[in-house]
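K.L.:
Sharing query_7.csv here; it has CSV, C-alpha atoms.
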chain,number,residue,atom,x,y,z
A,1404,TYR,CA,88.2,-8.6,90.2
A,1405,LEU,CA,88.6,-6.4,93.3
A,1406,ASN,CA,86.6,-5.9,96.5
A,1407,LEU,CA,86.0,-2.2,97.0
A,1408,LEU,CA,82.9,-1.9,99.2
A,1409,ASP,CA,82.0,-2.9,102.8
A,1410,TRP,CA,79.4,-1.8,105.3
A,1411,SER,CA,80.5,-1.9,109.0
A,1412,PRO,CA,78.5,-3.2,112.0
A,1413,SER,CA,78.5,0.4,113.2
A,1414,ASN,CA,76.7,1.6,110.0
A,1415,ILE,CA,79.6,3.1,108.2
A,1416,LEU,CA,80.1,2.4,104.5
A,1417,ALA,CA,83.7,2.2,103.2
A,1418,VAL,CA,84.2,2.8,99.5
A,1419,ALA,CA,87.5,2.6,97.6
A,1420,LEU,CA,88.1,4.9,94.7
A,1421,GLY,CA,91.4,4.8,93.0
A,1422,GLN,CA,94.1,5.4,95.7
A,1423,SER,CA,91.6,6.7,98.3
A,1424,VAL,CA,89.1,5.3,100.8
A,1425,PHE,CA,86.0,7.3,101.6
A,1426,LEU,CA,83.6,6.7,104.5
A,1427,TRP,CA,79.9,7.4,104.6
A,1428,ASN,CA,78.1,7.4,107.9
A,1429,ALA,CA,74.7,6.0,107.1
A,1430,SER,CA,73.2,7.2,110.4
A,1431,THR,CA,74.3,10.9,110.0
A,1432,GLY,CA,74.9,11.2,106.3
A,1433,ALA,CA,78.5,12.5,106.9
A,1434,THR,CA,81.2,11.6,104.5
A,1435,HIS,CA,85.0,12.0,104.7
A,1436,LYS,CA,88.2,10.7,103.1
A,1437,LEU,CA,90.0,8.3,105.5
A,1438,LEU,CA,93.2,7.7,103.5
A,1439,GLU,CA,95.1,8.1,100.3
A,1440,THR,CA,97.9,5.7,99.4
A,1441,THR,CA,101.3,7.0,98.3
A,1442,GLY,CA,103.1,5.9,95.1
A,1443,ALA,CA,102.0,6.1,91.5
A,1444,GLY,CA,99.4,3.5,90.7
A,1445,ASN,CA,99.1,2.1,94.2
A,1446,ILE,CA,95.3,1.8,94.1
A,1447,ILE,CA,93.2,0.3,96.8
A,1448,THR,CA,92.3,-3.3,95.8
A,1449,SER,CA,90.2,-4.6,98.8
A,1450,LEU,CA,88.4,-3.6,101.9
A,1451,SER,CA,87.0,-5.4,104.9
A,1452,TRP,CA,85.6,-4.3,108.3
A,1453,GLY,CA,86.6,-6.2,111.4
A,1454,ASN,CA,85.1,-5.9,114.9
A,1455,GLY,CA,84.4,-2.4,116.2
A,1456,SER,CA,86.0,0.4,114.1
A,1457,THR,CA,88.9,-1.6,112.5
A,1458,LEU,CA,89.1,-1.5,108.7
A,1459,ALA,CA,91.6,-3.6,106.7
A,1460,VAL,CA,92.7,-2.1,103.4
A,1461,GLY,CA,94.5,-4.1,100.7
A,1462,THR,CA,96.7,-2.3,98.2
A,1463,HIS,CA,98.2,-2.8,94.7
A,1464,SER,CA,101.6,-2.8,96.4
A,1465,ALA,CA,100.9,-6.1,98.2
A,1466,GLU,CA,100.5,-4.4,101.6
A,1467,ILE,CA,97.6,-4.6,104.1
A,1468,GLN,CA,96.9,-1.5,106.1
A,1469,LEU,CA,94.9,-1.6,109.4
A,1470,TRP,CA,93.0,1.5,110.4
A,1471,ASP,CA,91.2,2.5,113.5
A,1472,VAL,CA,88.4,4.6,111.9
A,1473,SER,CA,87.1,6.0,115.1
A,1474,ALA,CA,90.4,7.7,115.8
A,1475,ASN,CA,91.4,8.2,112.1
A,1476,VAL,CA,94.7,6.4,112.8
A,1477,GLU,CA,96.6,3.8,110.9
A,1478,LEU,CA,97.4,1.0,113.3
A,1479,ARG,CA,99.9,-1.1,111.3
A,1480,ARG,CA,101.0,-2.5,107.9
A,1481,MET,CA,101.4,-6.1,107.1
A,1482,GLY,CA,103.3,-7.6,104.2
A,1483,GLY,CA,103.8,-11.1,102.9
A,1484,HIS,CA,102.3,-11.2,99.5
A,1485,LEU,CA,104.2,-10.7,96.2
A,1486,SER,CA,101.4,-9.0,94.3
A,1487,ARG,CA,98.2,-7.0,94.9
A,1488,VAL,CA,95.8,-8.0,97.7
A,1489,ALA,CA,92.5,-8.6,96.0
A,1490,SER,CA,90.4,-10.1,98.8
A,1491,LEU,CA,90.2,-9.9,102.6
A,1492,ALA,CA,88.1,-11.8,105.1
A,1493,TRP,CA,88.1,-11.6,108.9
A,1494,GLY,CA,88.0,-14.8,110.9
A,1495,SER,CA,87.5,-15.3,114.6
A,1496,ASN,CA,88.9,-12.7,117.0
A,1497,SER,CA,91.9,-11.0,115.5
A,1498,MET,CA,92.6,-13.2,112.5
A,1499,LEU,CA,92.5,-11.8,109.0
A,1500,SER,CA,92.8,-13.7,105.8
A,1501,SER,CA,94.1,-12.1,102.6
A,1502,GLY,CA,94.1,-13.4,99.0
A,1503,SER,CA,96.4,-12.1,96.4
A,1504,ARG,CA,97.2,-12.1,92.7
A,1505,ASP,CA,100.3,-14.2,93.7
A,1506,SER,CA,97.7,-17.0,94.1
A,1507,MET,CA,98.4,-17.3,97.9
A,1508,ILE,CA,96.2,-16.9,100.9
A,1509,ILE,CA,97.8,-15.7,104.1
A,1510,ASN,CA,96.2,-15.9,107.6
A,1511,HIS,CA,97.4,-13.1,109.8
A,1512,ASP,CA,97.2,-12.5,113.6
A,1513,THR,CA,96.7,-8.8,113.5
A,1514,ARG,CA,97.8,-8.4,117.2
A,1515,ALA,CA,101.1,-10.2,116.8
A,1516,GLN,CA,104.3,-8.6,115.6
A,1517,GLN,CA,105.1,-11.8,113.7
A,1518,HIS,CA,101.6,-11.7,112.1
A,1519,LYS,CA,101.9,-14.5,109.6
A,1520,LEU,CA,100.1,-17.6,110.9
A,1521,ALA,CA,99.9,-19.7,107.7
A,1522,VAL,CA,100.2,-19.6,104.0
A,1523,LEU,CA,97.5,-21.5,102.1
A,1524,GLU,CA,98.4,-22.8,98.6
A,1525,GLY,CA,95.6,-24.1,96.5
A,1526,HIS,CA,95.1,-21.7,93.6
A,1527,LEU,CA,96.9,-21.1,90.4
A,1528,GLN,CA,95.8,-17.5,89.7
A,1529,GLU,CA,94.5,-14.5,91.7
A,1530,VAL,CA,92.3,-15.2,94.7
A,1531,CYS,CA,89.4,-12.9,94.1
A,1532,GLY,CA,86.8,-14.3,96.6
A,1533,LEU,CA,87.3,-15.0,100.3
A,1534,GLN,CA,84.7,-15.7,103.0
A,1535,TRP,CA,84.8,-17.2,106.5
A,1536,SER,CA,81.8,-19.3,107.5
A,1537,PRO,CA,79.6,-17.7,110.3
A,1538,GLN,CA,80.8,-20.3,112.8
A,1539,GLY,CA,84.4,-19.6,111.9
A,1540,GLY,CA,85.4,-23.1,111.1
A,1541,GLN,CA,85.6,-23.0,107.3
A,1542,LEU,CA,87.2,-20.6,104.8
A,1543,ALA,CA,85.9,-20.5,101.2
A,1544,SER,CA,88.2,-19.1,98.5
A,1545,GLY,CA,87.5,-18.5,94.8
A,1546,GLY,CA,90.1,-17.8,92.1
A,1547,ASN,CA,90.5,-16.5,88.6
A,1548,ASP,CA,91.5,-20.1,87.9
A,1549,ASN,CA,87.8,-21.1,88.2
A,1550,ILE,CA,88.6,-23.1,91.4
A,1551,LEU,CA,86.5,-23.0,94.6
A,1552,ASN,CA,88.5,-24.2,97.6
A,1553,LEU,CA,87.3,-25.0,101.1
A,1554,TRP,CA,89.8,-24.8,104.0
A,1555,GLU,CA,89.5,-26.0,107.6
A,1556,ALA,CA,90.5,-23.4,110.2
A,1557,ARG,CA,92.7,-25.9,112.0
A,1558,VAL,CA,94.3,-27.4,108.9
A,1559,ASN,CA,96.8,-25.3,106.9
A,1560,ARG,CA,98.5,-25.4,103.5
A,1561,THR,CA,96.2,-27.6,101.5
A,1562,PRO,CA,92.4,-27.3,101.0
A,1563,ARG,CA,90.0,-29.9,102.4
A,1564,LEU,CA,88.0,-29.7,99.2
A,1565,SER,CA,89.0,-28.3,95.8
A,1566,ILE,CA,86.0,-27.9,93.4
A,1567,GLU,CA,86.3,-27.3,89.7
A,1568,ARG,CA,82.7,-27.0,88.6
A,1569,HIS,CA,82.6,-23.3,87.5
A,1570,CYS,CA,83.9,-22.4,84.1
A,1571,ALA,CA,85.0,-18.8,85.0
A,1572,ALA,CA,86.4,-16.9,87.9
A,1573,VAL,CA,84.8,-17.5,91.3
A,1574,LYS,CA,84.5,-14.1,93.0
A,1575,ALA,CA,80.9,-14.4,94.4
A,1576,LEU,CA,80.9,-16.3,97.7
A,1577,ALA,CA,78.4,-16.2,100.5
A,1578,TRP,CA,77.7,-18.6,103.4
A,1579,CYS,CA,74.1,-19.3,104.3
A,1580,PRO,CA,73.3,-17.7,107.8
A,1581,PHE,CA,70.5,-20.1,108.7
A,1582,LEU,CA,71.9,-23.5,107.5
A,1583,HIS,CA,75.2,-25.0,108.6
A,1584,ASN,CA,77.5,-26.1,105.8
A,1585,VAL,CA,75.6,-24.3,102.9
A,1586,LEU,CA,77.6,-22.0,100.6
A,1587,ALA,CA,76.6,-20.1,97.5
A,1588,SER,CA,79.1,-19.5,94.8
A,1589,GLY,CA,78.9,-17.6,91.5
A,1590,GLY,CA,80.9,-17.8,88.3
A,1591,GLY,CA,82.0,-15.2,85.8
A,1592,THR,CA,81.1,-14.3,82.2
A,1593,ALA,CA,81.9,-17.7,80.7
A,1594,ASP,CA,80.0,-19.5,83.5
A,1595,ARG,CA,77.0,-17.4,84.7
A,1596,LYS,CA,75.9,-20.0,87.2
A,1597,ILE,CA,75.1,-19.9,90.9
A,1598,CYS,CA,75.9,-23.1,92.7
A,1599,LEU,CA,74.6,-24.1,96.2
A,1600,TRP,CA,77.0,-26.4,98.0
A,1601,ASN,CA,77.0,-28.8,101.0
A,1602,THR,CA,80.4,-28.0,102.2
A,1603,GLY,CA,80.4,-31.0,104.6
A,1604,ASN,CA,80.9,-33.4,101.7
A,1605,GLY,CA,81.3,-31.2,98.6
A,1606,THR,CA,78.0,-32.1,97.1
A,1607,CYS,CA,76.5,-29.5,94.6
A,1608,LEU,CA,72.9,-29.2,95.9
A,1609,ASN,CA,71.8,-27.1,92.9
A,1610,GLU,CA,73.1,-25.2,89.9
A,1611,VAL,CA,71.2,-22.2,88.4
A,1612,ASP,CA,72.0,-20.5,85.1
A,1613,THR,CA,71.5,-16.8,85.7
A,1614,LYS,CA,72.2,-15.8,82.1
A,1615,SER,CA,74.7,-13.2,83.3
A,1616,GLN,CA,78.1,-12.9,84.9
A,1617,VAL,CA,77.8,-13.4,88.7
A,1618,CYS,CA,79.7,-10.8,90.6
A,1619,ALA,CA,78.5,-10.9,94.2
A,1620,ILE,CA,76.0,-12.7,96.5
A,1621,GLN,CA,74.4,-11.6,99.8
A,1622,TRP,CA,72.1,-13.7,102.0
A,1623,SER,CA,69.3,-12.2,104.1
A,1624,VAL,CA,69.6,-12.8,107.8
A,1625,HIS,CA,65.9,-12.4,108.4
A,1626,ASP,CA,64.3,-14.4,105.5
A,1627,ARG,CA,65.2,-17.5,103.5
A,1628,GLU,CA,66.4,-15.3,100.6
A,1629,PHE,CA,69.5,-14.1,98.9
A,1630,VAL,CA,70.4,-11.5,96.2
A,1631,SER,CA,72.9,-11.8,93.5
A,1632,SER,CA,74.5,-9.0,91.4
A,1633,HIS,CA,75.5,-9.4,87.7
A,1634,GLY,CA,77.5,-8.0,84.9
A,1635,PHE,CA,77.5,-9.0,81.2
A,1636,THR,CA,74.9,-9.1,79.8
A,1637,HIS,CA,72.1,-7.6,81.9
A,1638,ASN,CA,73.9,-5.6,84.7
A,1639,GLN,CA,71.0,-6.4,87.2
A,1640,LEU,CA,70.4,-7.7,90.7
A,1641,ILE,CA,68.3,-10.8,91.2
A,1642,LEU,CA,66.4,-11.6,94.4
A,1643,TRP,CA,66.0,-15.4,95.1
A,1644,ARG,CA,64.0,-17.4,97.6
A,1645,TYR,CA,65.6,-20.4,99.1
A,1646,LEU,CA,63.1,-23.3,99.1
A,1647,GLY,CA,65.3,-25.9,100.9
A,1648,GLU,CA,67.6,-28.7,99.7
A,1649,GLY,CA,69.4,-26.3,97.3
A,1650,ARG,CA,66.2,-25.4,95.4
A,1651,VAL,CA,65.7,-21.7,94.7
A,1652,GLN,CA,63.0,-19.5,93.1
A,1653,LYS,CA,63.5,-16.2,91.4
A,1654,ILE,CA,61.5,-13.5,93.0
A,1655,THR,CA,62.3,-10.5,90.9
A,1656,GLU,CA,65.0,-8.7,88.9
A,1657,LEU,CA,66.2,-5.3,89.9
A,1658,THR,CA,67.5,-3.0,87.2
A,1659,GLY,CA,69.0,0.5,87.2
A,1660,HIS,CA,72.7,0.1,86.8
A,1661,GLN,CA,74.2,0.8,83.4
A,1662,ALA,CA,77.3,-1.4,83.7
A,1663,ARG,CA,78.5,-4.4,85.6
A,1664,VAL,CA,77.3,-4.6,89.3
A,1665,LEU,CA,80.7,-5.6,90.7
A,1666,HIS,CA,80.2,-5.2,94.4
A,1667,MET,CA,77.6,-5.6,97.1
A,1668,SER,CA,77.4,-5.2,100.9
A,1669,LYS,CA,74.6,-5.4,103.5
A,1670,SER,CA,73.5,-2.9,106.1
A,1671,PRO,CA,74.1,-3.9,109.8
A,1672,ASP,CA,70.3,-4.2,110.3
A,1673,GLY,CA,70.1,-6.7,107.4
A,1674,THR,CA,67.4,-4.9,105.5
A,1675,THR,CA,69.3,-3.0,102.8
A,1676,VAL,CA,71.9,-3.9,100.2
A,1677,VAL,CA,74.2,-1.4,98.6
A,1678,SER,CA,75.5,-2.1,95.1
A,1679,ALA,CA,78.5,-0.5,93.3
A,1680,ALA,CA,78.8,-0.8,89.5
A,1681,ALA,CA,81.3,0.1,86.8
A,1682,ASP,CA,78.9,3.0,85.9
A,1683,GLU,CA,80.4,4.7,89.0
A,1684,THR,CA,77.2,4.8,91.0
A,1685,LEU,CA,76.1,3.3,94.3
A,1686,ARG,CA,72.5,2.2,94.6
A,1687,PHE,CA,70.7,1.2,97.8
A,1688,TRP,CA,68.0,-1.5,97.8
A,1689,ARG,CA,65.7,-2.2,100.7
A,1690,ILE,CA,64.8,-5.7,99.7
A,1691,PHE,CA,65.1,-7.9,102.8
A,1692,GLY,CA,62.7,-8.1,105.7
A,1693,SER,CA,63.6,-7.5,109.3
A,1694,PRO,CA,62.5,-8.9,112.7
A,1695,THR,CA,60.0,-6.0,113.2
A,1696,ARG,CA,59.0,-5.7,109.5
A,1697,SER,CA,58.7,-9.2,108.1
A,1698,ALA,CA,58.7,-10.0,104.4
A,1699,ALA,CA,55.0,-10.6,104.5
A,1700,LYS,CA,54.4,-7.1,105.8
A,1701,LEU,CA,56.6,-5.6,103.2
A,1702,LYS,CA,54.9,-7.3,100.2
A,1703,ASP,CA,52.5,-4.4,99.6
A,1704,GLU,CA,55.1,-1.6,99.9
A,1705,GLN,CA,56.3,0.1,96.7
A,1706,ALA,CA,58.8,2.9,96.9
A,1707,CYS,CA,61.8,3.9,94.9
A,1708,ARG,CA,64.3,6.7,95.6
A,1709,SER,CA,67.4,7.7,93.9
A,1710,LEU,CA,71.1,7.5,94.9
A,1711,LEU,CA,71.6,7.6,98.7
A,1712,GLY,CA,67.9,6.8,99.0
A,1713,THR,CA,66.4,3.3,98.9
A,1714,ASN,CA,64.9,1.0,96.3
A,1715,CYS,CA,62.1,-0.9,98.0
A,1716,ILE,CA,60.4,-3.6,96.1
A,1717,ARG,CA,58.0,-4.9,98.8
Using structure tokens, write down the structure from this file.

P.N.:
Amino acid sequence: YLNLLDWSPSNILAVALGQSVFLWNASTGATHKLLETTGAGNIITSLSWGNGSTLAVGTHSAEIQLWDVSANVELRRMGGHLSRVASLAWGSNSMLSSGSRDSMIINHDTRAQQHKLAVLEGHLQEVCGLQWSPQGGQLASGGNDNILNLWEARVNRTPRLSIERHCAAVKALAWCPFLHNVLASGGGTADRKICLWNTGNGTCLNEVDTKSQVCAIQWSVHDREFVSSHGFTHNQLILWRYLGEGRVQKITELTGHQARVLHMSKSPDGTTVVSAAADETLRFWRIFGSPTRSAAKLKDEQACRSLLGTNCIR
């Protein structure tokens, strides 16, 4: 479980392929290779955009590289982990959190020479999911040990809540943008469930059996909806409507990928989701409404275009 896809606020999509990171400018269509790591087998294992044009890149060699994409310049490298960096998440200001196969999470101050702020110990295996809440006060982490941990920004070392409800790896994590303290998590092949959590008290608001491995989740910022991507057995995306109090309703299933849909990211305008699968394709799905084109207005639209186009279901 790696994290190899992220879409920046400035509309640039970063994709990791092997030891290289490629950038696609969604506004102009231009593509170029940003970097290639050195050393045999030193593949890219995670990507995450910060503010502006800063891209954090995690590697198999346990390093984190920070790049200024606008200038095509590497800013610095940060160590601290003992194994590959599988997940990255930006917190407030200049803080970056990294999760590793060494089971540790490190909070870094990317502006300080002594960058290590805290080491968080709460997992037994690789940390494959990592997400800061929109308000910046809570960090959610998921591991190959099937554990979901919730951490307070001001409290280090031990999780505030440690939840062992999933029966497989917890890679899919997404904070609700319109409800405080609501988190969606998804379990792997042996679990196949999406859980909705009240992170204030650790209550499971709802549990939904999706019948497939849950790889990623993205919430809409315009509507009360979210989309999940899946692997074995159906390799599909599912669009859900959030009805309140944890209740959800399946809207539709989106098919097209021929293998596990491992990664998703959302466009800066919030209307489009890009998915990357083990079939080595990217697909773009215009499935969320926008402030100017509400979900109601999109209901009657039907359009479908191929790679680098858009799949529109409404």

K.L.:
If we count all atoms listed in the file and set the cut-off at 6 Å, which residues sit around stretch 1540-1554 of chain A, ignoring sequence neighbours fewer than 6 positions away in its own chain? Please answer as a PDB file with C-alpha atoms, keeping the file's coordinate frame.

P.N.:
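Result file part_22.pdb:
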ATOM      1  CA  GLN A1528      95.800 -17.500  89.700  1.00  0.00           C
ATOM      2  CA  GLU A1529      94.500 -14.500  91.700  1.00  0.00           C
ATOM      3  CA  VAL A1530      92.300 -15.200  94.700  1.00  0.00           C
ATOM      4  CA  CYS A1531      89.400 -12.900  94.100  1.00  0.00           C
ATOM      5  CA  GLY A1532      86.800 -14.300  96.600  1.00  0.00           C
ATOM      6  CA  LEU A1533      87.300 -15.000 100.300  1.00  0.00           C
ATOM      7  CA  GLN A1534      84.700 -15.700 103.000  1.00  0.00           C
ATOM      8  CA  PRO A1562      92.400 -27.300 101.000  1.00  0.00           C
ATOM      9  CA  ARG A1563      90.000 -29.900 102.400  1.00  0.00           C
ATOM     10  CA  LEU A1564      88.000 -29.700  99.200  1.00  0.00           C
ATOM     11  CA  SER A1565      89.000 -28.300  95.800  1.00  0.00           C
ATOM     12  CA  ILE A1566      86.000 -27.900  93.400  1.00  0.00           C
ATOM     13  CA  GLU A1567      86.300 -27.300  89.700  1.00  0.00           C
ATOM     14  CA  HIS A1569      82.600 -23.300  87.500  1.00  0.00           C
ATOM     15  CA  CYS A1570      83.900 -22.400  84.100  1.00  0.00           C
ATOM     16  CA  ALA A1571      85.000 -18.800  85.000  1.00  0.00           C
ATOM     17  CA  ALA A1572      86.400 -16.900  87.900  1.00  0.00           C
ATOM     18  CA  VAL A1573      84.800 -17.500  91.300  1.00  0.00           C
ATOM     19  CA  LYS A1574      84.500 -14.100  93.000  1.00  0.00           C
TER      20      LYS A1574
END

K.L.:
Have a look at atom CA of A:Thr1440 and atom CA of A:His1484 and let me know their distance in Å, one decimal.

P.N.:
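Between atom CA of A:Thr1440 and atom CA of A:His1484 the gap works out to 17.5 Å.
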
K.L.:
Which residues of stretch 1426-1471 of chain A come within 12 Å of stretch 1667-1677 of chain A, and what is each one's closest atom pair and distance in Å (one decimal), counting all atoms listed in the file, sorted by chain and residue number, as JSON lines?

P.N.:
{"residue": "A:Asn1428", "atom": "CA", "partner": "A:Ser1670", "partner_atom": "CA", "distance": 11.4}
{"residue": "A:Ala1429", "atom": "CA", "partner": "A:Ser1670", "partner_atom": "CA", "distance": 9.0}
{"residue": "A:Ser1430", "atom": "CA", "partner": "A:Ser1670", "partner_atom": "CA", "distance": 11.0}
{"residue": "A:Leu1450", "atom": "CA", "partner": "A:Ser1668", "partner_atom": "CA", "distance": 11.2}
{"residue": "A:Ser1451", "atom": "CA", "partner": "A:Ser1668", "partner_atom": "CA", "distance": 10.4}
{"residue": "A:Trp1452", "atom": "CA", "partner": "A:Ser1668", "partner_atom": "CA", "distance": 11.1}

K.L.:
What gap, in Å, lies between atom CA of A:Gly1589 and atom CA of A:Asn1496?

P.N.:
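Atom CA of A:Asn1496 lies 27.8 Å from atom CA of A:Gly1589.
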
K.L.:
Considering only C-alpha atoms, state which residue in the set A:Gly1539, A:Gly1590, A:Gly1482, A:Gly1444 is at the smallest distance from A:Val1460.

P.N.:
A:Gly1482

K.L.:
Can you tell me, as a PyMOL selection string, which residues sit within 9 Å of (69.0, -16.0, 87.6) in the file's frame, using only C-alpha atoms?

P.N.:
chain A and resi 1595-1597+1611-1615+1631+1640-1643+1652-1653+1656

K.L.:
Please provide the set of residues having any atom within 6 Å of A:Ala1575, restricted to all atoms listed in the file, with same-chain residues fewer than 4 positions apart removed, written as a ChimeraX atom specification.

P.N.:
/A:1588-1589,1618-1620

K.L.:
Quick one: residues within 12 Å of A:Gly1442, all atoms listed in the file, excluding same-chain residues fewer than 6 positions away - as a PyMOL selection string?

P.N.:
chain A and resi 1421-1423+1462-1464

K.L.:
For atom CA of A:Ser1503 and atom CA of A:Thr1448, quote the distance in Å rounded to one decimal.

P.N.:
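Atom-to-atom, atom CA of A:Ser1503 and atom CA of A:Thr1448 are spaced 9.7 Å apart.
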
K.L.:
Fewer than 6 positions away in the same chain doesn't count, so skip those; otherwise give me all residues within 6 Å of A:Ala1679, counting all atoms listed in the file, as a list in words.

P.N.:
Val1664, His1666 and Leu1685 of chain A

K.L.:
What's around A:Gln1661 at 9 Å? Count all atoms listed in the file, leave out sequence neighbours fewer than 5 positions away in its own chain, and write the answer as a VMD selection string.

P.N.:
chain A and resid 1637 to 1639 1680 to 1682

K.L.:
With distances taken over all atoms listed in the file, which of A:Gly1461, A:Gly1525, A:Gly1453, A:Gly1659 is nearest to A:Leu1499?

P.N.:
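So, comparing all the options, the nearest one is A:Gly1453.
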
K.L.:
Just checking: using all atoms listed in the file, which residue out of A:Ser1473, A:Ser1495, A:Asn1406, A:Gln1538 ends up closest to A:Leu1458?

P.N.:
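Using all atoms listed in the file, the shortest distance to A:Leu1458 belongs to A:Ser1473.
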
K.L.:
Return the single residue from A:Ala1492, A:Pro1580, A:Ser1632, A:Trp1410 that is closest to A:Ala1662, with distances computed using only C-alpha atoms.

P.N.:
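That would be A:Ser1632, the residue with the smallest distance to A:Ala1662.
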
K.L.:
For each of A:Val1630, A:Gln1616, A:Trp1688, A:Cys1579, take the minimum atom-to-atom distance to A:Arg1663, counting only C-alpha atoms, then give the residue where this is smallest.

P.N.:
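Result for the nearest residue to A:Arg1663: A:Gln1616.
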